[in-house]
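Asker: So here's my_file_15.pdb (PDB, C-alpha atoms, pLDDT in the B column).
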ATOM      1  CA  MET A   3      22.347  16.862  20.366  1.00 48.00           C
ATOM      2  CA  ALA A   4      21.684  19.541  22.977  1.00 51.00           C
ATOM      3  CA  ILE A   5      18.223  20.078  21.481  1.00 50.00           C
ATOM      4  CA  LYS A   6      17.421  16.386  21.919  1.00 49.00           C
ATOM      5  CA  HIS A   7      18.509  16.484  25.568  1.00 51.00           C
ATOM      6  CA  GLU A   8      16.451  19.626  26.149  1.00 54.00           C
ATOM      7  CA  LEU A   9      13.406  18.068  24.500  1.00 45.00           C
ATOM      8  CA  PHE A  10      13.825  14.907  26.578  1.00 47.00           C
ATOM      9  CA  PHE A  11      14.053  17.018  29.753  1.00 49.00           C
ATOM     10  CA  LEU A  12      10.885  18.949  28.883  1.00 47.00           C
ATOM     11  CA  LEU A  13       9.004  15.730  28.147  1.00 45.00           C
ATOM     12  CA  ALA A  14      10.160  14.248  31.455  1.00 47.00           C
ATOM     13  CA  VAL A  15       9.034  17.328  33.382  1.00 48.00           C
ATOM     14  CA  ALA A  16       5.667  17.355  31.588  1.00 48.00           C
ATOM     15  CA  SER A  17       5.160  13.647  32.287  1.00 46.00           C
ATOM     16  CA  ALA A  18       6.009  14.081  35.956  1.00 48.00           C
ATOM     17  CA  THR A  19       3.590  17.000  36.225  1.00 47.00           C
ATOM     18  CA  ILE A  20       0.759  15.019  34.629  1.00 45.00           C
ATOM     19  CA  LEU A  21       1.495  12.019  36.871  1.00 42.00           C
ATOM     20  CA  ASN A  22       1.511  14.160  40.012  1.00 47.00           C
ATOM     21  CA  ARG A  23      -1.802  15.747  39.067  1.00 44.00           C
ATOM     22  CA  ALA A  24      -3.326  12.366  38.306  1.00 44.00           C
ATOM     23  CA  MET A  25      -2.229  10.980  41.677  1.00 46.00           C
ATOM     24  CA  ALA A  26      -3.094  14.023  43.757  1.00 50.00           C
ATOM     25  CA  GLY A  27      -6.397  14.749  45.442  1.00 65.00           C
ATOM     26  CA  ASP A  28      -7.625  18.263  46.068  1.00 85.00           C
ATOM     27  CA  PRO A  29      -4.847  20.876  45.776  1.00 85.00           C
ATOM     28  CA  ASP A  30      -3.242  22.049  49.010  1.00 88.00           C
ATOM     29  CA  ILE A  31      -4.154  25.552  50.148  1.00 91.00           C
ATOM     30  CA  THR A  32      -1.842  28.114  51.737  1.00 91.00           C
ATOM     31  CA  SER A  33      -4.383  29.530  54.195  1.00 92.00           C
ATOM     32  CA  ASP A  34      -6.518  28.071  56.962  1.00 94.00           C
ATOM     33  CA  PHE A  35      -9.630  28.113  54.754  1.00 94.00           C
ATOM     34  CA  LEU A  36     -10.986  29.604  51.530  1.00 93.00           C
ATOM     35  CA  LEU A  37     -13.825  32.087  51.225  1.00 93.00           C
ATOM     36  CA  PRO A  38     -16.158  32.437  48.237  1.00 92.00           C
ATOM     37  CA  PRO A  39     -15.551  35.648  46.230  1.00 90.00           C
ATOM     38  CA  ASN A  40     -18.687  37.317  47.605  1.00 87.00           C
ATOM     39  CA  VAL A  41     -17.864  36.629  51.279  1.00 88.00           C
ATOM     40  CA  THR A  42     -15.529  38.933  53.230  1.00 84.00           C
ATOM     41  CA  ALA A  43     -16.327  38.128  56.872  1.00 87.00           C
ATOM     42  CA  VAL A  44     -17.373  34.854  58.485  1.00 92.00           C
ATOM     43  CA  ASN A  45     -18.472  33.385  61.785  1.00 95.00           C
ATOM     44  CA  GLY A  46     -19.328  29.856  62.910  1.00 96.00           C
ATOM     45  CA  THR A  47     -22.364  29.781  60.625  1.00 95.00           C
ATOM     46  CA  PHE A  48     -20.106  29.631  57.560  1.00 96.00           C
ATOM     47  CA  PHE A  49     -18.576  26.378  58.852  1.00 97.00           C
ATOM     48  CA  THR A  50     -21.964  24.819  59.685  1.00 97.00           C
ATOM     49  CA  TYR A  51     -24.092  22.798  57.253  1.00 97.00           C
ATOM     50  CA  THR A  52     -27.715  22.173  58.229  1.00 96.00           C
ATOM     51  CA  GLY A  53     -28.893  20.392  55.087  1.00 93.00           C
ATOM     52  CA  MET A  54     -28.981  16.984  56.790  1.00 94.00           C
ATOM     53  CA  ARG A  55     -31.485  17.920  59.514  1.00 91.00           C
ATOM     54  CA  ASN A  56     -34.596  16.821  57.648  1.00 88.00           C
ATOM     55  CA  ILE A  57     -33.151  13.344  57.098  1.00 89.00           C
ATOM     56  CA  PHE A  58     -33.697  12.503  60.748  1.00 83.00           C
ATOM     57  CA  GLN A  59     -37.135  14.094  60.940  1.00 85.00           C
ATOM     58  CA  THR A  60     -38.822  12.349  58.010  1.00 87.00           C
ATOM     59  CA  ALA A  61     -39.444   8.779  56.874  1.00 90.00           C
ATOM     60  CA  ILE A  62     -37.138   6.930  54.482  1.00 91.00           C
ATOM     61  CA  PRO A  63     -37.979   8.127  50.936  1.00 93.00           C
ATOM     62  CA  PRO A  64     -39.778   5.758  48.509  1.00 94.00           C
ATOM     63  CA  ALA A  65     -36.712   5.516  46.232  1.00 95.00           C
ATOM     64  CA  PHE A  66     -32.961   5.535  46.858  1.00 96.00           C
ATOM     65  CA  GLN A  67     -31.771   8.988  47.883  1.00 96.00           C
ATOM     66  CA  ALA A  68     -28.296  10.470  48.400  1.00 96.00           C
ATOM     67  CA  THR A  69     -28.126  13.703  50.385  1.00 96.00           C
ATOM     68  CA  LYS A  70     -24.727  15.330  49.854  1.00 96.00           C
ATOM     69  CA  ALA A  71     -22.584  17.791  51.740  1.00 97.00           C
ATOM     70  CA  SER A  72     -19.991  18.566  49.081  1.00 97.00           C
ATOM     71  CA  LEU A  73     -18.442  21.776  47.776  1.00 96.00           C
ATOM     72  CA  LYS A  74     -21.595  22.692  45.872  1.00 95.00           C
ATOM     73  CA  GLU A  75     -23.831  22.477  48.937  1.00 96.00           C
ATOM     74  CA  PHE A  76     -21.275  23.505  51.596  1.00 97.00           C
ATOM     75  CA  PRO A  77     -18.767  26.139  50.364  1.00 95.00           C
ATOM     76  CA  ALA A  78     -16.683  25.930  53.563  1.00 96.00           C
ATOM     77  CA  LEU A  79     -15.350  22.573  52.287  1.00 97.00           C
ATOM     78  CA  ASP A  80     -13.334  24.323  49.565  1.00 96.00           C
ATOM     79  CA  GLY A  81      -9.693  23.317  50.020  1.00 95.00           C
ATOM     80  CA  GLN A  82     -10.409  20.913  52.903  1.00 96.00           C
ATOM     81  CA  SER A  83     -10.340  17.634  50.894  1.00 96.00           C
ATOM     82  CA  VAL A  84     -13.406  16.203  52.626  1.00 97.00           C
ATOM     83  CA  SER A  85     -17.112  15.752  51.870  1.00 98.00           C
ATOM     84  CA  TYR A  86     -19.982  13.609  53.048  1.00 97.00           C
ATOM     85  CA  ALA A  87     -23.202  11.957  51.962  1.00 97.00           C
ATOM     86  CA  VAL A  88     -26.093  10.206  53.650  1.00 97.00           C
ATOM     87  CA  LEU A  89     -27.474   7.303  51.593  1.00 98.00           C
ATOM     88  CA  GLN A  90     -31.038   6.145  52.236  1.00 97.00           C
ATOM     89  CA  PHE A  91     -32.213   2.824  50.811  1.00 98.00           C
ATOM     90  CA  PRO A  92     -35.863   1.811  51.028  1.00 98.00           C
ATOM     91  CA  ALA A  93     -36.483  -1.934  50.897  1.00 97.00           C
ATOM     92  CA  GLY A  94     -35.299  -3.489  47.628  1.00 97.00           C
ATOM     93  CA  SER A  95     -33.635  -0.320  46.264  1.00 98.00           C
ATOM     94  CA  VAL A  96     -30.283   0.128  44.561  1.00 98.00           C
ATOM     95  CA  ASN A  97     -27.669   2.822  44.103  1.00 97.00           C
ATOM     96  CA  PRO A  98     -26.805   1.942  40.461  1.00 96.00           C
ATOM     97  CA  PRO A  99     -23.222   1.353  39.284  1.00 97.00           C
ATOM     98  CA  HIS A 100     -21.254   4.613  39.320  1.00 97.00           C
ATOM     99  CA  THR A 101     -17.798   6.057  39.929  1.00 98.00           C
ATOM    100  CA  HIS A 102     -16.268   8.935  41.889  1.00 97.00           C
ATOM    101  CA  PRO A 103     -13.405  10.160  39.691  1.00 96.00           C
ATOM    102  CA  ARG A 104     -11.703  12.303  42.338  1.00 96.00           C
ATOM    103  CA  SER A 105     -11.950  10.272  45.538  1.00 97.00           C
ATOM    104  CA  ALA A 106     -12.262   6.937  47.257  1.00 97.00           C
ATOM    105  CA  GLU A 107     -15.448   6.393  49.265  1.00 98.00           C
ATOM    106  CA  LEU A 108     -15.589   5.044  52.819  1.00 98.00           C
ATOM    107  CA  LEU A 109     -19.107   3.773  53.548  1.00 98.00           C
ATOM    108  CA  PHE A 110     -20.364   3.241  57.121  1.00 98.00           C
ATOM    109  CA  LEU A 111     -23.626   1.288  57.400  1.00 98.00           C
ATOM    110  CA  VAL A 112     -25.698   2.550  60.335  1.00 97.00           C
ATOM    111  CA  LEU A 113     -29.020   0.804  59.679  1.00 97.00           C
ATOM    112  CA  GLY A 114     -30.035  -2.432  57.979  1.00 97.00           C
ATOM    113  CA  SER A 115     -27.931  -4.482  55.597  1.00 98.00           C
ATOM    114  CA  LEU A 116     -26.447  -3.775  52.155  1.00 98.00           C
ATOM    115  CA  ASP A 117     -24.935  -5.815  49.350  1.00 98.00           C
ATOM    116  CA  VAL A 118     -21.991  -3.794  48.010  1.00 98.00           C
ATOM    117  CA  GLY A 119     -19.290  -4.300  45.424  1.00 98.00           C
ATOM    118  CA  PHE A 120     -16.802  -2.785  43.013  1.00 98.00           C
ATOM    119  CA  VAL A 121     -14.988  -3.844  39.842  1.00 98.00           C
ATOM    120  CA  ASP A 122     -11.229  -3.273  39.519  1.00 98.00           C
ATOM    121  CA  THR A 123      -9.219  -2.500  36.374  1.00 97.00           C
ATOM    122  CA  LYS A 124      -8.674  -6.242  35.807  1.00 97.00           C
ATOM    123  CA  ASN A 125     -12.459  -6.698  35.652  1.00 97.00           C
ATOM    124  CA  SER A 126     -12.532  -8.583  38.966  1.00 98.00           C
ATOM    125  CA  LEU A 127     -15.655  -8.111  41.093  1.00 98.00           C
ATOM    126  CA  TYR A 128     -15.322  -7.721  44.873  1.00 98.00           C
ATOM    127  CA  THR A 129     -18.583  -8.028  46.838  1.00 98.00           C
ATOM    128  CA  GLN A 130     -19.684  -8.147  50.453  1.00 98.00           C
ATOM    129  CA  THR A 131     -22.910  -8.180  52.445  1.00 98.00           C
ATOM    130  CA  LEU A 132     -22.632  -5.515  55.132  1.00 98.00           C
ATOM    131  CA  GLN A 133     -24.405  -5.520  58.475  1.00 98.00           C
ATOM    132  CA  THR A 134     -25.111  -2.519  60.701  1.00 98.00           C
ATOM    133  CA  GLY A 135     -21.805  -1.139  62.003  1.00 98.00           C
ATOM    134  CA  ASP A 136     -19.693  -2.396  59.073  1.00 98.00           C
ATOM    135  CA  LEU A 137     -17.476  -0.192  56.895  1.00 98.00           C
ATOM    136  CA  PHE A 138     -16.466  -0.767  53.271  1.00 98.00           C
ATOM    137  CA  VAL A 139     -14.071   1.187  51.062  1.00 98.00           C
ATOM    138  CA  PHE A 140     -14.621   1.748  47.346  1.00 98.00           C
ATOM    139  CA  PRO A 141     -11.276   2.633  45.710  1.00 98.00           C
ATOM    140  CA  LYS A 142     -10.993   5.892  43.823  1.00 97.00           C
ATOM    141  CA  GLY A 143     -12.419   5.929  40.307  1.00 97.00           C
ATOM    142  CA  LEU A 144     -13.657   2.316  40.241  1.00 98.00           C
ATOM    143  CA  VAL A 145     -17.196   1.301  39.278  1.00 98.00           C
ATOM    144  CA  HIS A 146     -19.217   0.322  42.361  1.00 98.00           C
ATOM    145  CA  PHE A 147     -22.772  -0.143  43.644  1.00 98.00           C
ATOM    146  CA  GLN A 148     -24.896  -0.658  46.757  1.00 98.00           C
ATOM    147  CA  TYR A 149     -28.086  -2.745  46.932  1.00 98.00           C
ATOM    148  CA  ASN A 150     -30.581  -3.232  49.738  1.00 98.00           C
ATOM    149  CA  SER A 151     -31.725  -6.771  48.979  1.00 98.00           C
ATOM    150  CA  ASP A 152     -33.980  -6.881  52.047  1.00 97.00           C
ATOM    151  CA  LEU A 153     -37.539  -6.486  50.742  1.00 97.00           C
ATOM    152  CA  ASN A 154     -38.917  -5.581  54.170  1.00 97.00           C
ATOM    153  CA  LYS A 155     -36.395  -3.263  55.841  1.00 97.00           C
ATOM    154  CA  SER A 156     -34.724   0.028  54.957  1.00 97.00           C
ATOM    155  CA  ALA A 157     -31.006   0.752  55.158  1.00 97.00           C
ATOM    156  CA  VAL A 158     -29.042   3.922  55.847  1.00 97.00           C
ATOM    157  CA  ALA A 159     -25.331   4.549  55.319  1.00 98.00           C
ATOM    158  CA  PHE A 160     -22.924   7.464  55.708  1.00 98.00           C
ATOM    159  CA  SER A 161     -20.234   7.949  53.054  1.00 98.00           C
ATOM    160  CA  ALA A 162     -17.072   9.982  53.526  1.00 98.00           C
ATOM    161  CA  PHE A 163     -14.916  11.222  50.624  1.00 98.00           C
ATOM    162  CA  GLY A 164     -11.326  12.481  50.451  1.00 96.00           C
ATOM    163  CA  SER A 165     -12.302  15.377  48.198  1.00 97.00           C
ATOM    164  CA  ALA A 166     -14.595  18.362  48.565  1.00 97.00           C
ATOM    165  CA  ASN A 167     -15.832  17.556  45.057  1.00 96.00           C
ATOM    166  CA  ALA A 168     -15.550  13.792  44.533  1.00 97.00           C
ATOM    167  CA  GLY A 169     -17.897  13.837  41.539  1.00 95.00           C
ATOM    168  CA  THR A 170     -20.374  11.111  40.611  1.00 96.00           C
ATOM    169  CA  VAL A 171     -20.548   9.474  37.192  1.00 96.00           C
ATOM    170  CA  SER A 172     -23.649   7.292  36.886  1.00 94.00           C
ATOM    171  CA  ILE A 173     -22.969   4.437  34.475  1.00 95.00           C
ATOM    172  CA  PRO A 174     -26.578   3.983  33.266  1.00 94.00           C
ATOM    173  CA  GLY A 175     -27.108   7.736  33.029  1.00 92.00           C
ATOM    174  CA  THR A 176     -23.813   8.458  31.304  1.00 93.00           C
ATOM    175  CA  VAL A 177     -24.274   5.688  28.741  1.00 94.00           C
ATOM    176  CA  PHE A 178     -27.994   5.871  28.009  1.00 93.00           C
ATOM    177  CA  ASN A 179     -29.123   9.384  28.957  1.00 89.00           C
ATOM    178  CA  THR A 180     -26.638  11.317  26.851  1.00 87.00           C
ATOM    179  CA  SER A 181     -26.573  11.895  23.117  1.00 88.00           C
ATOM    180  CA  ILE A 182     -24.501   8.841  22.171  1.00 94.00           C
ATOM    181  CA  SER A 183     -26.266   7.520  19.096  1.00 95.00           C
ATOM    182  CA  ASP A 184     -28.488   4.460  19.379  1.00 95.00           C
ATOM    183  CA  ASP A 185     -26.513   2.783  16.589  1.00 96.00           C
ATOM    184  CA  ILE A 186     -23.241   3.111  18.500  1.00 96.00           C
ATOM    185  CA  LEU A 187     -24.833   1.812  21.699  1.00 96.00           C
ATOM    186  CA  ALA A 188     -26.459  -1.108  19.878  1.00 96.00           C
ATOM    187  CA  LYS A 189     -23.136  -2.143  18.333  1.00 97.00           C
ATOM    188  CA  SER A 190     -21.268  -1.633  21.627  1.00 96.00           C
ATOM    189  CA  PHE A 191     -23.693  -3.804  23.594  1.00 96.00           C
ATOM    190  CA  LYS A 192     -24.146  -6.300  20.730  1.00 96.00           C
ATOM    191  CA  THR A 193     -27.880  -5.773  20.548  1.00 96.00           C
ATOM    192  CA  ASP A 194     -30.365  -3.847  18.403  1.00 96.00           C
ATOM    193  CA  VAL A 195     -31.577  -0.249  18.400  1.00 96.00           C
ATOM    194  CA  ALA A 196     -35.040  -1.244  19.668  1.00 96.00           C
ATOM    195  CA  THR A 197     -33.493  -2.731  22.821  1.00 96.00           C
ATOM    196  CA  ILE A 198     -31.429   0.412  23.399  1.00 95.00           C
ATOM    197  CA  GLN A 199     -34.493   2.584  23.033  1.00 94.00           C
ATOM    198  CA  LYS A 200     -36.388   0.364  25.489  1.00 95.00           C
ATOM    199  CA  ILE A 201     -33.602   0.789  28.059  1.00 95.00           C
ATOM    200  CA  LYS A 202     -33.597   4.560  27.531  1.00 93.00           C
ATOM    201  CA  TYR A 203     -37.359   4.686  27.977  1.00 92.00           C
ATOM    202  CA  GLY A 204     -37.110   2.718  31.229  1.00 91.00           C
ATOM    203  CA  LEU A 205     -34.402   5.016  32.621  1.00 89.00           C
ATOM    204  CA  ALA A 206     -36.364   8.123  31.691  1.00 84.00           C
ATOM    205  CA  ALA A 207     -39.412   6.783  33.500  1.00 72.00           C
TER     206      ALA A 207
END
Re-express the file's structure as structure tokens.
Answerer:
Amino acid sequence: MAIKHELFFLLAVASATILNRAMAGDPDITSDFLLPPNVTAVNGTFFTYTGMRNIFQTAIPPAFQATKASLKEFPALDGQSVSYAVLQFPAGSVNPPHTHPRSAELLFLVLGSLDVGFVDTKNSLYTQTLQTGDLFVFPKGLVHFQYNSDLNKSAVAFSAFGSANAGTVSIPGTVFNTSISDDILAKSFKTDVATIQKIKYGLAA
């Protein structure tokens, strides 16, 4: 009997630990900031990221472009639970459906207009057309997109994340640009292998 109680206790503790990790964002740190292993002394330069400067000195790119300031690009973000991205949309371009598994996204539209939306776990679609100055939140882990439907004007947005490493999982890329077999994809999408291969060819181009 005691063994059963002990087993139940261990399972409860394990479940609580998994739940806490699933609900948590970046882990808390016990110092003011974290340094990379190869850095022993810092000054203000370490806390400065200059990778966005060119965005404001060049024209909007010909295709959608996301310029990120996340842990990979900006090591000072380690442990700070924040990151940033600038999203540039030429006329008629789209940021395809994707997810951020470790963070919600708060988008601030600073130029143009955008059609945005996300799908919840009940398969309900929530959409909005944003105007300059609007903000929109994409809940953590849910599939979402942004589309500049204006065929004449560009759009620019800033996105803030509650994680230094929010991650991006592209739905088209993850499904069609990995090594999932064409047969499995054809059956999953209720189509034929030729159609799957056509989609893959289009994405590769």
Asker: Using all atoms listed in the file, which protein or nucleic acid residues come within 9 Å of segment 148-158 of chain A? Drop anything in the same chain fewer than 3 positions from it, and give the result as a PDB file with C-alpha atoms, in the coordinates of the input.
Answerer:
ATOM      1  CA  ILE A  62     -37.138   6.930  54.482  1.00 91.00           C
ATOM      2  CA  VAL A  88     -26.093  10.206  53.650  1.00 97.00           C
ATOM      3  CA  LEU A  89     -27.474   7.303  51.593  1.00 98.00           C
ATOM      4  CA  GLN A  90     -31.038   6.145  52.236  1.00 97.00           C
ATOM      5  CA  PHE A  91     -32.213   2.824  50.811  1.00 98.00           C
ATOM      6  CA  PRO A  92     -35.863   1.811  51.028  1.00 98.00           C
ATOM      7  CA  ALA A  93     -36.483  -1.934  50.897  1.00 97.00           C
ATOM      8  CA  GLY A  94     -35.299  -3.489  47.628  1.00 97.00           C
ATOM      9  CA  SER A  95     -33.635  -0.320  46.264  1.00 98.00           C
ATOM     10  CA  VAL A  96     -30.283   0.128  44.561  1.00 98.00           C
ATOM     11  CA  ASN A  97     -27.669   2.822  44.103  1.00 97.00           C
ATOM     12  CA  PRO A  98     -26.805   1.942  40.461  1.00 96.00           C
ATOM     13  CA  PRO A  99     -23.222   1.353  39.284  1.00 97.00           C
ATOM     14  CA  PHE A 110     -20.364   3.241  57.121  1.00 98.00           C
ATOM     15  CA  LEU A 111     -23.626   1.288  57.400  1.00 98.00           C
ATOM     16  CA  VAL A 112     -25.698   2.550  60.335  1.00 97.00           C
ATOM     17  CA  LEU A 113     -29.020   0.804  59.679  1.00 97.00           C
ATOM     18  CA  GLY A 114     -30.035  -2.432  57.979  1.00 97.00           C
ATOM     19  CA  SER A 115     -27.931  -4.482  55.597  1.00 98.00           C
ATOM     20  CA  LEU A 116     -26.447  -3.775  52.155  1.00 98.00           C
ATOM     21  CA  ASP A 117     -24.935  -5.815  49.350  1.00 98.00           C
ATOM     22  CA  VAL A 118     -21.991  -3.794  48.010  1.00 98.00           C
ATOM     23  CA  GLY A 119     -19.290  -4.300  45.424  1.00 98.00           C
ATOM     24  CA  THR A 134     -25.111  -2.519  60.701  1.00 98.00           C
TER      25      THR A 134
END
Asker: Hey, what's within 12 Å of Ile201 of chain A if we count only C-alpha atoms and toss same-chain stuff fewer than 3 positions away? As a ChimeraX atom specification, please?
Answerer: /A:174-175,177-179,184,187-188,191,193-198,204-207
Asker: Write out as a PyMOL selection string the residues lying within 7 Å of Thr170 of chain A, counting all atoms listed in the file and excluding same-chain residues fewer than 4 positions away.
Answerer: chain A and resi 100-102
Asker: Which of these, A:Ala68, A:Lys192, A:Gly169, A:Lys74, has the shortest distance to Ala87 of chain A once you count only C-alpha atoms?
Answerer: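 Of the candidates, the smallest distance to Ala87 of chain A is held by A:Ala68.
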Asker: On this file, the PyMOL selection byres ((chain A and resi 76) around 12) gives some set of residues; write that set as a PDB file with C-alpha atoms, in the frame of the given file.
Answerer:
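File written: expr_29.pdb
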ATOM      1  CA  LEU A  36     -10.986  29.604  51.530  1.00 93.00           C
ATOM      2  CA  LEU A  37     -13.825  32.087  51.225  1.00 93.00           C
ATOM      3  CA  PRO A  38     -16.158  32.437  48.237  1.00 92.00           C
ATOM      4  CA  THR A  47     -22.364  29.781  60.625  1.00 95.00           C
ATOM      5  CA  PHE A  48     -20.106  29.631  57.560  1.00 96.00           C
ATOM      6  CA  PHE A  49     -18.576  26.378  58.852  1.00 97.00           C
ATOM      7  CA  THR A  50     -21.964  24.819  59.685  1.00 97.00           C
ATOM      8  CA  TYR A  51     -24.092  22.798  57.253  1.00 97.00           C
ATOM      9  CA  THR A  52     -27.715  22.173  58.229  1.00 96.00           C
ATOM     10  CA  GLY A  53     -28.893  20.392  55.087  1.00 93.00           C
ATOM     11  CA  MET A  54     -28.981  16.984  56.790  1.00 94.00           C
ATOM     12  CA  LYS A  70     -24.727  15.330  49.854  1.00 96.00           C
ATOM     13  CA  ALA A  71     -22.584  17.791  51.740  1.00 97.00           C
ATOM     14  CA  SER A  72     -19.991  18.566  49.081  1.00 97.00           C
ATOM     15  CA  LEU A  73     -18.442  21.776  47.776  1.00 96.00           C
ATOM     16  CA  LYS A  74     -21.595  22.692  45.872  1.00 95.00           C
ATOM     17  CA  GLU A  75     -23.831  22.477  48.937  1.00 96.00           C
ATOM     18  CA  PRO A  77     -18.767  26.139  50.364  1.00 95.00           C
ATOM     19  CA  ALA A  78     -16.683  25.930  53.563  1.00 96.00           C
ATOM     20  CA  LEU A  79     -15.350  22.573  52.287  1.00 97.00           C
ATOM     21  CA  ASP A  80     -13.334  24.323  49.565  1.00 96.00           C
ATOM     22  CA  GLY A  81      -9.693  23.317  50.020  1.00 95.00           C
ATOM     23  CA  GLN A  82     -10.409  20.913  52.903  1.00 96.00           C
ATOM     24  CA  VAL A  84     -13.406  16.203  52.626  1.00 97.00           C
ATOM     25  CA  SER A  85     -17.112  15.752  51.870  1.00 98.00           C
ATOM     26  CA  TYR A  86     -19.982  13.609  53.048  1.00 97.00           C
ATOM     27  CA  ALA A  87     -23.202  11.957  51.962  1.00 97.00           C
ATOM     28  CA  ALA A 166     -14.595  18.362  48.565  1.00 97.00           C
ATOM     29  CA  ASN A 167     -15.832  17.556  45.057  1.00 96.00           C
TER      30      ASN A 167
END
Asker: Which distance in Å separates atom CA of Ser165 of chain A and atom CA of Ser105 of chain A, to one decimal?
Answerer: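 Calculated distance between atom CA of Ser165 of chain A and atom CA of Ser105 of chain A is 5.8 Å.
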Asker: Tell me, in Å to one decimal, how far atom CA of Gln199 of chain A is from atom CA of Ser181 of chain A.
Answerer: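 For atom CA of Gln199 of chain A relative to atom CA of Ser181 of chain A, the distance reads 12.2 Å.
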Asker: Selection in question (the file shown): the PyMOL selection byres ((chain A and resi 142) around 7). Which residues does it include, as an NGL selection string?
Answerer: :A and (102-106 or 140-141 or 143-144)
Asker: Which is closest to Asp30 of chain A among A:Thr131, A:Leu108, A:Ser83, A:Lys189, if we use all atoms listed in the file?
Answerer: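 Nearest candidate to Asp30 of chain A out of A:Thr131, A:Leu108, A:Ser83, A:Lys189: A:Ser83.
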Asker: Grab the atom CA of Phe35 of chain A to atom CA of Phe138 of chain A distance for me, in Å with one decimal place.
Answerer: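 If I compute the distance from atom CA of Phe35 of chain A to atom CA of Phe138 of chain A, I get 29.7 Å.
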Asker: Starting from the shown file, work through the PyMOL selection byres ((chain A and resi 127) around 12) and note down what comes out as a ChimeraX atom specification.
Answerer: /A:118-126,128-130,140,144-147
Asker: Hey, which of A:Thr69, A:Ser190, A:Leu137, A:Glu107 ends up closest to Ser161 of chain A? Count only C-alpha atoms.
Answerer: A:Glu107
Asker: Just need the box for segment 170-174 of chain A, edges along x, y and z, holding every atom the file lists for it with 8 Å tacked onto each side, so centre and edge lengths in Å to one decimal, as AutoDock Vina command-line options.
Answerer:
--center_x -23.5 --center_y 7.5 --center_z 36.9 --size_x 22.2 --size_y 23.1 --size_z 23.3
